[in-house]
Structure formats: C-alpha cells, structure tokens
file target-v8.cif (mmCIF, C-alpha atoms)
data_work
#
loop_
_atom_site.label_atom_id
_atom_site.label_comp_id
_atom_site.auth_asym_id
_atom_site.auth_seq_id
_atom_site.Cartn_x
_atom_site.Cartn_y
_atom_site.Cartn_z
CA MET A 1 75.04 8.37 158.43
CA GLN A 2 75.32 12.06 159.32
CA VAL A 3 77.39 14.38 157.14
CA PRO A 4 79.26 17.42 158.60
CA THR A 5 77.67 20.77 157.68
CA ARG A 6 78.84 24.37 158.11
CA ASP A 7 75.38 25.59 159.09
CA PRO A 8 74.46 23.97 162.46
CA ARG A 9 70.74 24.30 161.66
CA LEU A 10 71.12 21.74 158.86
CA ARG A 11 71.24 18.04 159.56
CA VAL A 12 72.17 16.06 156.43
CA MET A 13 72.08 12.28 156.39
CA ILE A 14 73.24 9.76 153.77
CA ALA A 15 71.35 6.49 153.59
CA PRO A 16 73.90 3.66 153.56
CA GLY A 17 73.89 1.13 150.72
CA LEU A 18 73.77 -2.62 151.03
CA SER A 19 76.57 -5.10 150.70
CA GLN A 20 76.41 -8.88 150.49
CA ALA A 21 79.29 -11.19 151.34
CA LYS A 22 78.54 -14.14 149.07
CA PRO A 23 78.23 -13.82 146.17
CA ALA A 24 79.97 -10.49 146.74
CA ASP A 25 77.72 -7.63 145.69
CA VAL A 26 77.01 -4.00 146.50
CA MET A 27 74.10 -1.63 146.07
CA ARG A 28 74.18 2.13 146.42
CA GLY A 29 70.87 3.87 145.89
CA GLU A 30 68.59 1.08 144.80
CA GLU A 31 68.10 0.00 148.42
CA THR A 32 66.16 3.24 148.98
CA GLN A 33 63.82 2.38 146.12
CA VAL A 34 63.37 -1.14 147.47
CA ALA A 35 62.61 0.24 150.94
CA GLY A 36 60.12 2.62 149.32
CA ALA A 37 58.44 -0.18 147.38
CA LEU A 38 58.13 -2.11 150.66
CA ALA A 39 56.68 0.96 152.37
CA LEU A 40 54.07 1.17 149.60
CA MET A 41 53.41 -2.61 149.63
CA PRO A 42 54.27 -3.78 153.18
CA LYS A 43 53.11 -7.35 152.55
CA PHE A 44 55.21 -7.82 149.40
CA ASP A 45 56.97 -11.16 149.24
CA GLY A 46 58.94 -11.95 146.10
CA VAL A 47 61.55 -10.19 143.97
CA PHE A 48 62.14 -6.64 142.87
CA CYS A 49 63.94 -6.05 139.60
CA LEU A 50 65.52 -2.65 138.95
CA PRO A 51 66.57 -2.61 135.28
CA GLY A 52 69.31 -0.22 134.23
CA THR A 53 73.04 0.27 133.75
CA HIS A 54 73.64 -2.18 136.58
CA SER A 55 70.38 -4.09 136.89
CA LYS A 56 69.58 -5.40 140.35
CA TRP A 57 67.44 -8.36 141.38
CA VAL A 58 66.46 -8.33 145.04
CA HIS A 59 64.75 -11.18 146.84
CA VAL A 60 62.54 -9.85 149.61
CA SER A 61 60.81 -11.83 152.32
CA ALA A 62 59.08 -10.70 155.51
CA GLY A 63 60.06 -7.08 154.83
CA GLU A 64 63.78 -7.82 154.44
CA ALA A 65 66.17 -8.04 151.50
CA VAL A 66 67.32 -11.67 151.69
CA SER A 67 69.75 -11.65 148.76
CA PHE A 68 70.49 -9.64 145.65
CA GLN A 69 72.49 -9.80 142.45
CA THR A 70 73.78 -7.18 140.03
CA PHE A 71 73.95 -7.61 136.25
CA MET A 72 75.93 -5.25 134.01
CA THR A 73 73.31 -5.46 131.26
CA GLY A 74 72.81 -1.76 130.58
CA GLU A 75 76.51 -0.99 130.65
CA MET A 76 77.27 -3.92 128.31
CA PHE A 77 74.59 -2.64 125.93
CA ALA A 78 76.09 0.86 125.94
CA LEU A 79 79.64 -0.44 125.41
CA LEU A 80 78.73 -2.87 122.65
CA SER A 81 76.32 -0.58 120.80
CA GLN A 82 78.47 2.56 121.01
CA HIS A 83 82.09 1.49 121.38
CA SER A 84 82.55 -1.95 119.79
CA VAL A 85 82.72 -2.96 116.13
CA LEU A 86 78.94 -3.48 116.37
CA ARG A 87 78.41 0.30 116.50
CA HIS A 88 78.85 0.43 112.70
CA GLY A 89 75.58 -1.39 112.17
CA MET A 90 73.58 0.04 115.09
CA GLY A 91 71.18 2.94 115.14
CA GLY A 92 67.70 4.23 115.61
CA GLU A 93 65.60 3.45 118.63
CA GLY A 94 65.99 -0.30 118.44
CA ALA A 95 62.22 -0.54 118.69
CA ASP A 96 61.93 -3.54 116.37
CA GLU A 97 59.92 -5.86 118.62
CA ALA A 98 60.40 -8.95 116.46
CA ALA A 99 64.18 -8.49 116.48
CA PHE A 100 64.14 -7.92 120.24
CA THR A 101 62.18 -11.12 120.78
CA GLN A 102 64.50 -13.07 118.51
CA GLY A 103 67.55 -11.94 120.49
CA LEU A 104 65.78 -12.63 123.75
CA THR A 105 64.75 -16.12 122.72
CA ASP A 106 68.21 -16.94 121.34
CA ALA A 107 69.85 -15.92 124.61
CA MET A 108 67.29 -17.60 126.87
CA ASP A 109 67.39 -20.86 124.92
CA ARG A 110 71.17 -21.06 124.62
CA PRO A 111 72.83 -18.54 126.95
CA ASP A 112 76.04 -20.55 126.60
CA ARG A 113 76.22 -19.47 122.95
CA ILE A 114 76.01 -15.72 123.64
CA SER A 115 79.62 -15.19 122.68
CA ALA A 116 78.86 -16.57 119.21
CA ARG A 117 75.75 -14.44 118.72
CA LEU A 118 77.26 -11.00 119.07
CA PHE A 119 79.52 -10.81 116.03
CA THR A 120 76.70 -12.34 113.98
CA LEU A 121 74.92 -8.98 114.28
CA ARG A 122 77.80 -7.32 112.47
CA ALA A 123 78.03 -10.04 109.83
CA GLU A 124 74.28 -10.02 109.19
CA GLY A 125 74.48 -6.27 108.66
CA LEU A 126 77.22 -6.74 106.07
CA LEU A 127 75.82 -9.83 104.34
CA ASN A 128 72.05 -9.94 104.89
CA GLY A 129 71.11 -6.29 105.20
CA LEU A 130 70.15 -6.47 108.89
CA THR A 131 68.92 -2.94 109.60
CA PRO A 132 70.60 -0.79 112.28
CA ASP A 133 67.28 -0.64 114.12
CA ALA A 134 66.86 -4.42 114.11
CA ALA A 135 70.51 -4.94 115.10
CA ARG A 136 70.10 -2.65 118.08
CA ALA A 137 66.87 -4.32 119.17
CA ARG A 138 68.40 -7.79 118.76
CA LEU A 139 71.43 -6.80 120.85
CA SER A 140 69.08 -5.52 123.56
CA GLY A 141 67.18 -8.81 123.43
CA LEU A 142 70.37 -10.86 123.63
CA LEU A 143 71.67 -9.01 126.69
CA ILE A 144 68.36 -8.91 128.55
CA GLY A 145 67.90 -12.60 127.71
CA LEU A 146 71.35 -13.32 129.12
CA GLU A 147 70.42 -11.49 132.31
CA LEU A 148 67.11 -13.32 132.63
CA ALA A 149 68.85 -16.67 132.07
CA ALA A 150 71.26 -15.96 134.92
CA ALA A 151 68.58 -14.40 137.14
CA LYS A 152 66.22 -17.36 136.75
CA PRO A 153 66.73 -18.53 140.36
CA TYR A 154 65.39 -15.10 141.36
CA TRP A 155 62.27 -14.84 139.23
CA LEU A 156 61.13 -18.41 138.61
CA GLY A 157 57.79 -18.92 140.31
CA GLN A 158 58.10 -15.69 142.29
CA ARG A 159 55.98 -12.58 142.56
CA ILE A 160 57.89 -9.97 140.53
CA ALA A 161 57.77 -6.18 140.67
CA LEU A 162 59.83 -4.04 138.30
CA ILE A 163 60.88 -0.68 139.70
CA GLY A 164 61.08 1.96 137.00
CA ALA A 165 58.36 2.96 134.59
CA GLY A 166 59.25 3.48 130.96
CA ALA A 167 60.23 1.51 127.90
CA LEU A 168 62.95 -0.55 129.58
CA SER A 169 60.69 -1.93 132.30
CA THR A 170 58.04 -2.69 129.70
CA ARG A 171 60.66 -4.70 127.80
CA TYR A 172 61.53 -6.66 130.91
CA ALA A 173 57.85 -7.26 131.64
CA ASN A 174 57.26 -8.48 128.08
CA ALA A 175 60.35 -10.68 128.26
CA LEU A 176 59.16 -12.22 131.52
CA ALA A 177 55.68 -12.69 130.05
CA LEU A 178 57.26 -14.82 127.31
CA GLN A 179 58.55 -17.02 130.15
CA GLY A 180 55.06 -17.25 131.59
CA GLN A 181 55.80 -14.82 134.42
CA THR A 182 53.68 -11.80 135.26
CA ALA A 183 55.48 -8.69 136.52
CA GLU A 184 53.94 -5.55 137.93
CA ILE A 185 55.61 -2.20 137.23
CA LEU A 186 56.18 0.38 139.97
CA ASP A 187 57.06 4.03 139.44
CA ALA A 188 60.71 4.65 140.38
CA THR A 189 60.18 8.21 141.61
CA ALA A 190 57.31 7.14 143.85
CA CYS A 191 59.48 4.36 145.28
CA THR A 192 62.45 6.73 145.85
CA LEU A 193 60.28 9.29 147.65
CA ALA A 194 58.59 6.63 149.76
CA GLY A 195 62.02 5.18 150.61
CA LEU A 196 63.44 8.55 151.68
CA ALA A 197 60.29 9.29 153.69
CA ALA A 198 60.59 5.90 155.41
CA ALA A 199 64.27 6.53 156.21
CA ASN A 200 63.41 9.96 157.58
CA GLY A 201 60.64 8.44 159.68
CA GLN A 202 63.10 5.98 161.23
CA ILE A 203 65.62 8.76 161.98
CA GLN A 204 62.93 10.85 163.70
CA LYS A 205 61.94 7.85 165.79
CA VAL A 206 65.54 7.07 166.82
CA THR A 207 66.41 10.68 167.67
CA ALA A 208 63.05 11.58 169.28
CA MET B 1 91.57 -8.74 93.24
CA GLN B 2 93.83 -6.29 91.39
CA VAL B 3 94.14 -2.73 92.65
CA PRO B 4 94.71 0.24 90.25
CA THR B 5 98.24 1.67 90.45
CA ARG B 6 99.77 4.82 88.97
CA ASP B 7 103.00 3.05 88.06
CA PRO B 8 102.24 0.46 85.35
CA ARG B 9 105.22 -1.64 86.43
CA LEU B 10 103.49 -2.41 89.74
CA ARG B 11 100.83 -5.06 90.02
CA VAL B 12 99.13 -4.94 93.45
CA MET B 13 96.61 -7.57 94.47
CA ILE B 14 94.36 -7.79 97.53
CA ALA B 15 93.50 -11.26 98.81
CA PRO B 16 89.72 -11.44 99.31
CA GLY B 17 88.32 -12.40 102.71
CA LEU B 18 85.81 -15.12 103.43
CA SER B 19 82.12 -14.80 104.12
CA GLN B 20 79.69 -17.42 105.37
CA ALA B 21 75.93 -17.26 104.86
CA LYS B 22 74.72 -19.16 107.91
CA PRO B 23 75.46 -18.38 110.59
CA ALA B 24 76.42 -15.09 108.98
CA ASP B 25 80.10 -14.40 109.47
CA VAL B 26 83.00 -12.63 107.80
CA MET B 27 86.77 -12.90 107.89
CA ARG B 28 89.26 -10.38 106.54
CA GLY B 29 92.88 -11.31 106.92
CA GLU B 30 92.74 -14.48 108.98
CA GLU B 31 91.98 -16.52 105.84
CA THR B 32 95.52 -15.79 104.66
CA GLN B 33 96.92 -17.20 107.89
CA VAL B 34 94.72 -20.27 107.59
CA ALA B 35 95.84 -20.78 103.99
CA GLY B 36 99.43 -20.42 105.15
CA ALA B 37 98.94 -22.95 107.94
CA LEU B 38 97.50 -25.36 105.38
CA ALA B 39 100.45 -24.72 103.07
CA LEU B 40 102.76 -25.60 105.95
CA MET B 41 100.67 -28.63 107.00
CA PRO B 42 98.86 -29.81 103.84
CA LYS B 43 97.31 -32.85 105.53
CA PHE B 44 95.84 -30.89 108.43
CA ASP B 45 92.29 -31.91 109.28
CA GLY B 46 90.68 -30.26 112.27
CA VAL B 47 90.23 -26.71 113.57
CA PHE B 48 92.34 -23.60 113.61
CA CYS B 49 91.80 -21.10 116.39
CA LEU B 50 93.07 -17.55 115.92
CA PRO B 51 92.73 -15.81 119.30
CA GLY B 52 92.51 -12.03 119.38
CA THR B 53 90.19 -9.02 119.29
CA HIS B 54 87.77 -11.03 117.18
CA SER B 55 88.79 -14.65 117.74
CA LYS B 56 88.10 -17.01 114.87
CA TRP B 57 87.51 -20.75 114.91
CA VAL B 58 87.84 -22.40 111.50
CA HIS B 59 86.93 -25.98 110.75
CA VAL B 60 89.15 -27.31 107.97
CA SER B 61 88.74 -30.58 106.11
CA ALA B 62 90.42 -31.85 102.91
CA GLY B 63 92.23 -28.54 102.50
CA GLU B 64 89.08 -26.39 102.67
CA ALA B 65 87.54 -24.12 105.29
CA VAL B 66 84.23 -25.84 105.95
CA SER B 67 82.78 -23.40 108.49
CA PHE B 68 83.95 -20.69 110.83
CA GLN B 69 82.76 -18.56 113.71
CA THR B 70 83.88 -15.26 115.19
CA PHE B 71 83.87 -14.42 118.90
CA MET B 72 84.31 -10.88 120.20
CA THR B 73 86.35 -12.06 123.18
CA GLY B 74 89.33 -9.69 122.88
CA GLU B 75 87.15 -6.67 122.22
CA MET B 76 84.87 -7.52 125.15
CA PHE B 77 87.93 -7.84 127.38
CA ALA B 78 89.23 -4.44 126.27
CA LEU B 79 85.84 -2.75 126.74
CA LEU B 80 85.15 -4.29 130.13
CA SER B 81 88.66 -3.89 131.55
CA GLN B 82 89.22 -0.35 130.27
CA HIS B 83 85.83 1.30 129.81
CA SER B 84 83.34 -0.31 132.20
CA VAL B 85 82.93 0.11 135.95
CA LEU B 86 85.27 -2.88 136.28
CA ARG B 87 88.21 -0.71 135.20
CA HIS B 88 88.38 0.71 138.76
CA GLY B 89 89.57 -2.62 140.10
CA MET B 90 91.68 -3.81 137.16
CA GLY B 91 95.38 -3.49 136.60
CA GLY B 92 98.72 -5.11 136.15
CA GLU B 93 99.36 -7.90 133.74
CA GLY B 94 96.54 -10.12 134.89
CA ALA B 95 99.09 -12.92 135.09
CA ASP B 96 97.50 -14.54 138.15
CA GLU B 97 97.12 -18.10 136.86
CA ALA B 98 94.91 -19.30 139.70
CA ALA B 99 92.49 -16.40 139.14
CA PHE B 100 92.49 -17.05 135.38
CA THR B 101 91.66 -20.71 135.95
CA GLN B 102 88.90 -19.83 138.38
CA GLY B 103 87.25 -17.50 135.85
CA LEU B 104 87.70 -20.07 133.11
CA THR B 105 86.17 -22.87 135.16
CA ASP B 106 83.27 -20.69 136.31
CA ALA B 107 82.42 -19.74 132.74
CA MET B 108 82.87 -23.24 131.29
CA ASP B 109 80.79 -24.87 134.03
CA ARG B 110 77.96 -22.34 133.94
CA PRO B 111 78.23 -20.11 130.86
CA ASP B 112 74.58 -19.18 131.39
CA ARG B 113 75.58 -17.37 134.57
CA ILE B 114 78.23 -15.15 132.93
CA SER B 115 76.10 -12.06 133.31
CA ALA B 116 76.07 -12.57 137.07
CA ARG B 117 79.82 -13.13 137.33
CA LEU B 118 81.06 -9.86 135.90
CA PHE B 119 79.89 -7.37 138.51
CA THR B 120 81.10 -9.78 141.20
CA LEU B 121 84.64 -8.80 140.20
CA ARG B 122 83.88 -5.21 141.15
CA ALA B 123 82.15 -6.19 144.39
CA GLU B 124 84.94 -8.56 145.41
CA GLY B 125 87.41 -5.74 144.89
CA LEU B 126 85.40 -3.49 147.20
CA LEU B 127 84.50 -6.09 149.83
CA ASN B 128 87.07 -8.88 149.75
CA GLY B 129 90.21 -7.12 148.57
CA LEU B 130 90.39 -8.91 145.20
CA THR B 131 93.61 -7.52 143.72
CA PRO B 132 93.57 -5.65 140.38
CA ASP B 133 95.85 -8.31 138.94
CA ALA B 134 93.58 -11.16 140.01
CA ALA B 135 90.49 -9.29 138.81
CA ARG B 136 92.02 -8.81 135.38
CA ALA B 137 93.10 -12.46 135.13
CA ARG B 138 89.67 -13.66 136.30
CA LEU B 139 87.93 -11.47 133.71
CA SER B 140 90.20 -12.92 131.03
CA GLY B 141 89.35 -16.43 132.23
CA LEU B 142 85.61 -15.70 132.25
CA LEU B 143 85.61 -14.37 128.69
CA ILE B 144 87.87 -17.06 127.24
CA GLY B 145 85.77 -19.66 129.07
CA LEU B 146 82.64 -18.17 127.55
CA GLU B 147 84.20 -18.41 124.10
CA LEU B 148 85.31 -22.01 124.65
CA ALA B 149 81.83 -22.93 125.89
CA ALA B 150 80.25 -21.58 122.71
CA ALA B 151 83.01 -22.95 120.46
CA LYS B 152 82.74 -26.45 121.88
CA PRO B 153 81.18 -27.87 118.67
CA TYR B 154 84.39 -26.73 116.97
CA TRP B 155 87.05 -28.12 119.27
CA LEU B 156 85.51 -31.14 120.95
CA GLY B 157 87.39 -34.23 119.83
CA GLN B 158 89.17 -32.36 117.03
CA ARG B 159 92.78 -31.76 116.17
CA ILE B 160 93.40 -28.14 117.21
CA ALA B 161 96.05 -25.68 116.08
CA LEU B 162 96.30 -22.20 117.54
CA ILE B 163 97.67 -19.58 115.17
CA GLY B 164 99.61 -16.91 117.03
CA ALA B 165 102.51 -17.44 119.36
CA GLY B 166 102.65 -15.50 122.60
CA ALA B 167 100.92 -15.35 125.94
CA LEU B 168 97.37 -15.33 124.61
CA SER B 169 97.76 -18.56 122.62
CA THR B 170 99.44 -20.18 125.60
CA ARG B 171 96.39 -19.24 127.67
CA TYR B 172 94.08 -20.82 125.12
CA ALA B 173 96.26 -23.94 124.98
CA ASN B 174 96.23 -24.22 128.79
CA ALA B 175 92.47 -23.65 128.86
CA LEU B 176 91.93 -26.38 126.28
CA ALA B 177 94.28 -28.68 128.20
CA LEU B 178 91.97 -28.31 131.22
CA GLN B 179 89.24 -29.69 128.94
CA GLY B 180 91.44 -32.62 128.01
CA GLN B 181 92.27 -31.21 124.57
CA THR B 182 95.78 -30.83 123.19
CA ALA B 183 96.46 -27.84 120.95
CA GLU B 184 99.57 -27.14 118.93
CA ILE B 185 100.71 -23.53 118.52
CA LEU B 186 101.77 -22.11 115.15
CA ASP B 187 103.68 -18.90 114.57
CA ALA B 188 101.37 -16.23 113.12
CA THR B 189 104.03 -14.52 111.04
CA ALA B 190 105.15 -17.80 109.49
CA CYS B 191 101.51 -18.58 108.63
CA THR B 192 100.93 -15.11 107.14
CA LEU B 193 104.04 -15.31 104.97
CA ALA B 194 103.22 -18.85 103.84
CA GLY B 195 99.66 -17.73 103.04
CA LEU B 196 100.82 -14.76 100.96
CA ALA B 197 103.38 -16.94 99.17
CA ALA B 198 100.67 -19.51 98.39
CA ALA B 199 98.35 -16.77 97.06
CA ASN B 200 101.17 -15.40 94.92
CA GLY B 201 101.90 -18.88 93.61
CA GLN B 202 98.28 -19.27 92.52
CA ILE B 203 98.27 -15.87 90.80
CA GLN B 204 101.45 -16.73 88.91
CA LYS B 205 99.87 -20.02 87.80
CA VAL B 206 96.62 -18.34 86.65
CA THR B 207 98.35 -15.53 84.78
CA ALA B 208 101.20 -17.63 83.38
#
call {"tool": "encode", "arguments": {"input": "target-v8.cif", "output": "structure tokens"}}
result
Amino acid sequence: MQVPTRDPRLRVMIAPGLSQAKPADVMRGEETQVAGALALMPKFDGVFCLPGTHSKWVHVSAGEAVSFQTFMTGEMFALLSQHSVLRHGMGGEGADEAAFTQGLTDAMDRPDRISARLFTLRAEGLLNGLTPDAARARLSGLLIGLELAAAKPYWLGQRIALIGAGALSTRYANALALQGQTAEILDATACTLAGLAAANGQIQKVTA
Amino acid sequence: MQVPTRDPRLRVMIAPGLSQAKPADVMRGEETQVAGALALMPKFDGVFCLPGTHSKWVHVSAGEAVSFQTFMTGEMFALLSQHSVLRHGMGGEGADEAAFTQGLTDAMDRPDRISARLFTLRAEGLLNGLTPDAARARLSGLLIGLELAAAKPYWLGQRIALIGAGALSTRYANALALQGQTAEILDATACTLAGLAAANGQIQKVTA
C-alpha cells in the first residue's frame, strides 16, 4: 500500500497485515517475518511460532500461511507480574529453571486448573517462602504452558521454527522439547530483513 | 488478636484470617462472612462461593471450613478489560446475556483453550463488529467459566451458597444453573455482621 509523501522522489509503501475470518484473528508485522523466514527456507512446511507480547502461531504449507492464532501470553505475564496482587512476590530475572518447568508442567497437564494456580503463587510466597525469582519463573511457565496447551493443534507432530533469538525463544524451545518436539530457532532481524527484501522484490516486479 | 490502643477504655480486636498449607492459600476477611453465614445457617453443609476480585470457594462440613481455594477472576477481568489491548474494544455494562453465556460455555467446554479465546475478542471487534458491550460480557463469561471449570471439585453435586447479593452473584448463580446446579444467594452485609457478632460472642465467652 503506497503512502502519500511530500517529496515526489520518495515512494513509501506499507506492507499490509493478515486477517483471518474464523477464528477471527489479525497480524500486523509478524507476516513480514514469516515471509522472510519462507524466503530463507522456501521449502519450509510446518509452523512458525513468534513468541512475544501477542505470540503468534502460523501454519504454513506450500509457501502460504494456511491459518494462524494469537495468544496474549506476554501481555498476560506483564499484567500479572507487574500490576496484579502477584507483583508483591515477584522479582529478579525469573531464571529459576526448575520453577519454570514446574509451572509449565502444571499448566500443560491441567490447563483447566490455571485459574486455581495463579493465586497459589501469592500464597506460597506468604506461607512457604517461595522466592520472588521462583514465583516469576513459575508464572512464566504457567502462561507459556497454557499457550502450548491451546496451541497443540498447531505444533503436534509438525516441523516447528521459532522466530526470535534470545531467552524467550529458548524457553519455548525447551518447553517444546519436554513435549518431545524439536524446534529450530531463527533470528528475528534476519527474517524481518528478508521479508522486507522479498516484499520490495515483488513491488519491483509488479511496477517494472 | 488484640490491638494496642491509647485509650484504655477501648478494647479493639482483629479477627485473624485463614491460611491453608496445601494447596497454599490465604483468606483475610472472607472468613468472617463464612462464619456469619454459618451462624445464620448452622446446619449448612456444602460450599460457599464469594465472588469478587479474588473469588473464594470454601468447602464447609460440620461447621468447619475444610478446604478453600482462591481464584483471581475479578482481578483478571479488571486487568484485561482496562489495561490490556482488549480495552480498545470494551465498554458499557457488559450486560449482553447471550455474549456472557457464549463466553461461559466456551470456557467450560474447553478451558484448555482459554489462551486462544482472549485475543479473538479483539480480532472480532476489528473484523466482525463485535460490540464493546458484547466483548465485555463475553470476557466476563470466559473468566467466570474458567473459574467454574477449575472449581468443579468444589461445586459438583454440592449444596452451594453464594455470599454477596448483586449482579455478580446473579451471574454466578445463572452460570451454575447452566451446569444443572442450584445456588442460593446470601446477603454479604448480613453475613459480615453475623460473623462479627459471632466473633464478639466468642470473645465475651473466653474473657468472661
């Protein structure tokens, strides 16, 4: 989509997002990374996972996004760890791997009980001395586990690529490994640049 | 527990809360309402539900609280409806009963998919014209449904009394009715006063 500019020598384009009718969903930005990942791996068939504030799972087949789903995992984590009653017992980096795995396993095994698990973090801080670091890691595990439980139709038995290097993607990869799934990790910047280059290539072709 | 006062003619007491070792949980205030409900209905055997910011379910038998569990339903609703991306499409009273029931049914049927349902509210607002009122009611239904799914071991086949008159308790009663459960509704103020009177009666007896 072309954007008006004051300088006629400039031609600025905005890549459109994706929308899906059912279940209703929207994507604004991640589609460029997915297109870039496909440009880098043209034969990829499986799912991309883009962890973050609004995590996206995208099922790709024959070079096309077939379906996708958004999960508010990162935003829920920020709200609960910083703005809810749980903030009183949260802190540090939340890098306690054992606590993360416990939360993850709890949520994956019984996602229906998630609503009962959250306040327990507060109570365990008050009664059992649960450390702020462990509480934060357990909350992260619970919420990522809840996402993975709901996203199971996406990842089960599929080839999985996580877009986004860094600690969060490593957590997702480890969590998936516990479910017997291997995930490769792609660099987000490389995917974004490849996606923009691919979009630019298409524009040049169309307007040539 | 007696509190120090400057005027020796005053004797101020604070009623202690309840704590539970496993699963770790705490209660500060609701125990007085539960004691009051038991004072009003001494033969009550079943569960009390106290809906609110931190909803409590309390299993009572032979005049004693046997176990209880806290759910962060009200706080989650406030955070998601006012501070998350969902706030853009939320408004009104959320009194759309059909939307509430849809959210409730979705969450009760597939609580494991809750994480996938939330962002759908935002997307349906953008794509399908979901009204702010319906979005708010559906969110309420989703979160109360999630609580009821996790609290099922409490309410299934039990006598249920909701403490707290008003719209929220009516919603819980209607939600439980959809599960084939009848719940009576008790006035919160009456329970609080009866609970304080009962505590005072015990103090008078002990110190007489």
call {"tool": "resolve_selection", "arguments": {"input": "target-v8.cif", "expression": "the PyMOL selection byres ((chain B) within 8 of (chain A))", "output": "ChimeraX atom specification"}}
result
/B:21,23-26,69-73,75,79,83-84,110-116,118-120,123-124,127-128,146-147,149-151
call {"tool": "resolve_selection", "arguments": {"input": "target-v8.cif", "expression": "the PyMOL selection byres ((chain A and resi 60) around 8)", "output": "JSON, numbers by chain"}}
result
{"A": [44, 45, 46, 47, 48, 58, 59, 61, 62, 63, 64, 65, 66, 67]}
call {"tool": "resolve_selection", "arguments": {"input": "target-v8.cif", "expression": "the PyMOL selection byres ((chain B and resi 196) around 12)", "output": "ChimeraX atom specification"}}
result
/B:13-16,29-39,189-195,197-203
call {"tool": "closest_residue", "arguments": {"input": "target-v8.cif", "among": "A:Leu18, A:Ala173, A:Leu50, A:Ala167", "to": "Ala95 in chain A", "atoms": "all atoms listed in the file"}}
result
A:Ala167
call {"tool": "residues_around", "arguments": {"input": "target-v8.cif", "residues": "Arg138 in chain B", "least_positions_apart": "4", "cutoff": "10 Å", "atoms": "all atoms listed in the file", "output": "mmCIF file with C-alpha atoms, in the frame of the given file"}}
result
data_model
loop_
_atom_site.group_PDB
_atom_site.id
_atom_site.type_symbol
_atom_site.label_atom_id
_atom_site.label_comp_id
_atom_site.auth_asym_id
_atom_site.auth_seq_id
_atom_site.Cartn_x
_atom_site.Cartn_y
_atom_site.Cartn_z
ATOM 1 C CA GLY B 94 96.540 -10.120 134.890
ATOM 2 C CA ALA B 95 99.090 -12.920 135.090
ATOM 3 C CA ASP B 96 97.500 -14.540 138.150
ATOM 4 C CA GLU B 97 97.120 -18.100 136.860
ATOM 5 C CA ALA B 98 94.910 -19.300 139.700
ATOM 6 C CA ALA B 99 92.490 -16.400 139.140
ATOM 7 C CA PHE B 100 92.490 -17.050 135.380
ATOM 8 C CA THR B 101 91.660 -20.710 135.950
ATOM 9 C CA GLN B 102 88.900 -19.830 138.380
ATOM 10 C CA GLY B 103 87.250 -17.500 135.850
ATOM 11 C CA LEU B 104 87.700 -20.070 133.110
ATOM 12 C CA THR B 105 86.170 -22.870 135.160
ATOM 13 C CA ASP B 106 83.270 -20.690 136.310
ATOM 14 C CA ARG B 117 79.820 -13.130 137.330
ATOM 15 C CA LEU B 118 81.060 -9.860 135.900
ATOM 16 C CA LEU B 121 84.640 -8.800 140.200
ATOM 17 C CA PRO B 132 93.570 -5.650 140.380
ATOM 18 C CA ASP B 133 95.850 -8.310 138.940
ATOM 19 C CA ALA B 134 93.580 -11.160 140.010
ATOM 20 C CA LEU B 142 85.610 -15.700 132.250
ATOM 21 C CA LEU B 143 85.610 -14.370 128.690
ATOM 22 C CA ILE B 144 87.870 -17.060 127.240
#
call {"tool": "closest_residue", "arguments": {"input": "target-v8.cif", "among": "A:Ala183, A:Leu176, A:Leu156, A:Ile163", "to": "Cys49 in chain A", "atoms": "only C-alpha atoms"}}
result
A:Ile163
call {"tool": "atom_distance", "arguments": {"input": "target-v8.cif", "atom1": "CA of Met90 in chain A", "atom2": "CA of Gly74 in chain A"}}
result
15.6 Å
call {"tool": "closest_residue", "arguments": {"input": "target-v8.cif", "among": "A:Ser55, A:Leu130, A:Gly17, A:Val3", "to": "Tyr172 in chain A", "atoms": "all atoms listed in the file"}}
result
A:Ser55
call {"tool": "atom_distance", "arguments": {"input": "target-v8.cif", "atom1": "CA of Gln181 in chain B", "atom2": "CA of Thr53 in chain B"}}
result
22.9 Å
call {"tool": "atom_distance", "arguments": {"input": "target-v8.cif", "atom1": "CA of Pro4 in chain A", "atom2": "CA of Thr207 in chain A"}}
result
17.1 Å
call {"tool": "residues_around", "arguments": {"input": "target-v8.cif", "residues": "Leu186 in chain B", "least_positions_apart": "2", "cutoff": "7 Å", "atoms": "all atoms listed in the file", "output": "count of residues only"}}
result
7
call {"tool": "axis_aligned_box", "arguments": {"input": "target-v8.cif", "around": "range 71-86 of chain B", "padding_each_side": "5 Å", "output": "AutoDock Vina command-line options"}}
result
--center_x 86.1 --center_y -6.6 --center_z 127.6 --size_x 16.4 --size_y 25.7 --size_z 27.4
